[in-house]
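Asks: The structure that follows is given in the form of structure tokens.
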Amino acid sequence: MIVVNVNTVKPDDRPQVSLKTLFSEESIAGGKVKFGTIVIPPKARVPLHGEGAHDQDEYSIVIKGAIQTGSGGKEYLISAGDATLIPAGEAHWAYNSGDVDCEIVWVLVER
């Protein structure tokens, strides 16, 4: 077992948000897995402009707050307790229009 305390991990270099990769494993069931957290403060957007996409399926669960998001050409409001799946290659964005941080746990899985 490997134990990592989220409070001791330095955030990745991203503007406006605190993105932390807690684990990055190369060969789990023949694929690649990354696991981490992101805190999106009020009025912050990811990415800053446009949409982003990646080669992995993205599984997320909102732990605190809420976020407006767009994925696959549709818009959503997701909040604490909601879990999402964004398929690999699907363009998406997120914006915190609220007044509290939105905290999300995410997993990227490449098959």
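Each chain in the structure tokens gets a letter, A, B and so on, in the order shown; residues start at 1 in every chain, and ligands are counted from 1 in the order they appear.
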Going by DSSP on the backbone, which residues of chain A come out as strand (DSSP E or B)? List them as a PyMOL selection string.
Replies: chain A and resi 18-28+31-40+45-46+52+57-64+66-71+74-79+83-86+92-95+102-110
Asks: Restrict the selected residues to C-alpha atoms and save them as an mmCIF file, in the first residue's frame.
Replies:
data_model
loop_
_atom_site.group_PDB
_atom_site.id
_atom_site.type_symbol
_atom_site.label_atom_id
_atom_site.label_comp_id
_atom_site.auth_asym_id
_atom_site.auth_seq_id
_atom_site.Cartn_x
_atom_site.Cartn_y
_atom_site.Cartn_z
ATOM 1 C CA SER A 18 -5.127 23.751 -7.434
ATOM 2 C CA LEU A 19 -4.661 20.565 -9.487
ATOM 3 C CA LYS A 20 -2.867 17.717 -7.703
ATOM 4 C CA THR A 21 -1.877 14.372 -9.206
ATOM 5 C CA LEU A 22 -1.751 11.958 -6.271
ATOM 6 C CA PHE A 23 -0.894 8.759 -8.160
ATOM 7 C CA SER A 24 0.234 8.048 -11.711
ATOM 8 C CA GLU A 25 0.657 4.361 -12.514
ATOM 9 C CA GLU A 26 1.830 2.993 -15.837
ATOM 10 C CA SER A 27 0.512 -0.548 -16.073
ATOM 11 C CA ILE A 28 -2.669 -1.329 -14.226
ATOM 12 C CA GLY A 31 -3.673 0.630 -19.145
ATOM 13 C CA LYS A 32 -2.553 3.819 -17.484
ATOM 14 C CA VAL A 33 -4.219 5.431 -14.484
ATOM 15 C CA LYS A 34 -3.848 8.886 -12.913
ATOM 16 C CA PHE A 35 -5.661 9.908 -9.735
ATOM 17 C CA GLY A 36 -5.898 13.315 -8.116
ATOM 18 C CA THR A 37 -7.853 16.292 -6.890
ATOM 19 C CA ILE A 38 -8.690 19.746 -8.165
ATOM 20 C CA VAL A 39 -9.980 22.783 -6.298
ATOM 21 C CA ILE A 40 -11.660 25.348 -8.537
ATOM 22 C CA ARG A 45 -12.587 28.429 -15.353
ATOM 23 C CA VAL A 46 -10.767 25.322 -16.623
ATOM 24 C CA GLY A 52 -9.956 20.795 -23.316
ATOM 25 C CA ASP A 57 -11.698 8.463 -19.795
ATOM 26 C CA GLU A 58 -12.220 10.894 -16.898
ATOM 27 C CA TYR A 59 -14.174 9.786 -13.826
ATOM 28 C CA SER A 60 -14.912 12.487 -11.238
ATOM 29 C CA ILE A 61 -16.898 13.047 -8.070
ATOM 30 C CA VAL A 62 -17.683 16.458 -6.608
ATOM 31 C CA ILE A 63 -16.822 16.506 -2.913
ATOM 32 C CA LYS A 64 -17.732 20.130 -2.119
ATOM 33 C CA ALA A 66 -20.858 22.995 -7.441
ATOM 34 C CA ILE A 67 -19.607 23.590 -10.965
ATOM 35 C CA GLN A 68 -21.095 24.527 -14.324
ATOM 36 C CA THR A 69 -19.623 22.347 -17.024
ATOM 37 C CA GLY A 70 -19.938 21.591 -20.677
ATOM 38 C CA SER A 71 -19.091 18.240 -22.242
ATOM 39 C CA LYS A 74 -24.222 19.804 -23.547
ATOM 40 C CA GLU A 75 -24.139 21.931 -20.394
ATOM 41 C CA TYR A 76 -24.581 20.627 -16.841
ATOM 42 C CA LEU A 77 -24.656 21.869 -13.259
ATOM 43 C CA ILE A 78 -23.065 19.273 -10.997
ATOM 44 C CA SER A 79 -22.729 19.531 -7.246
ATOM 45 C CA ALA A 83 -20.214 11.651 -10.150
ATOM 46 C CA THR A 84 -19.367 12.038 -13.844
ATOM 47 C CA LEU A 85 -17.736 10.172 -16.715
ATOM 48 C CA ILE A 86 -16.259 12.087 -19.642
ATOM 49 C CA HIS A 92 -15.121 19.782 -22.005
ATOM 50 C CA TRP A 93 -14.798 22.815 -19.723
ATOM 51 C CA ALA A 94 -15.759 23.826 -16.151
ATOM 52 C CA TYR A 95 -16.627 27.160 -14.482
ATOM 53 C CA CYS A 102 -15.515 23.390 -5.797
ATOM 54 C CA GLU A 103 -13.482 20.338 -4.760
ATOM 55 C CA ILE A 104 -13.324 17.364 -7.124
ATOM 56 C CA VAL A 105 -11.616 13.966 -6.988
ATOM 57 C CA TRP A 106 -10.737 12.680 -10.479
ATOM 58 C CA VAL A 107 -9.344 9.545 -12.133
ATOM 59 C CA LEU A 108 -8.001 9.378 -15.705
ATOM 60 C CA VAL A 109 -8.008 5.867 -17.193
ATOM 61 C CA GLU A 110 -6.329 5.058 -20.495
#
Asks: Taking 3 positions as the minimum chain separation for residues in the same chain, which residues sit within 6 Å of Ala53 of chain A when counting only C-alpha atoms? Answer as JSON, numbers by chain.
Replies: {"A": [89, 90, 91]}
Asks: Give me a file of those residues, with N, CA, C and O atoms, as a compact mmCIF listing (two decimals), in the first residue's frame.
Replies:
# COMPACT_ATOMS: atom_id res chain seq x y z
N GLY A 89 -11.35 11.81 -25.35
CA GLY A 89 -11.49 12.61 -26.56
C GLY A 89 -12.63 13.61 -26.56
O GLY A 89 -12.72 14.45 -27.46
N GLU A 90 -13.53 13.55 -25.57
CA GLU A 90 -14.69 14.46 -25.54
C GLU A 90 -14.26 15.82 -25.00
O GLU A 90 -13.73 15.92 -23.89
N ALA A 91 -14.50 16.88 -25.77
CA ALA A 91 -14.14 18.24 -25.36
C ALA A 91 -15.01 18.67 -24.18
O ALA A 91 -16.21 18.38 -24.14
Asks: Grab the atom CA of Ala80 of chain A to atom CA of Gln56 of chain A distance for me, in Å with one decimal place.
Replies: 23.2 Å
Asks: Nearest to Asp99 of chain A among A:Gly50, A:Lys43, A:Val6, A:Arg14, with distances taken over only C-alpha atoms: which residue is it?
Replies: A:Lys43
Asks: Mind giving me the straight-line distance from atom CA of Leu48 of chain A to atom CA of Gly81 of chain A in Å, one decimal?
Replies: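 Distance reported for this atom pair: 25.1 Å.
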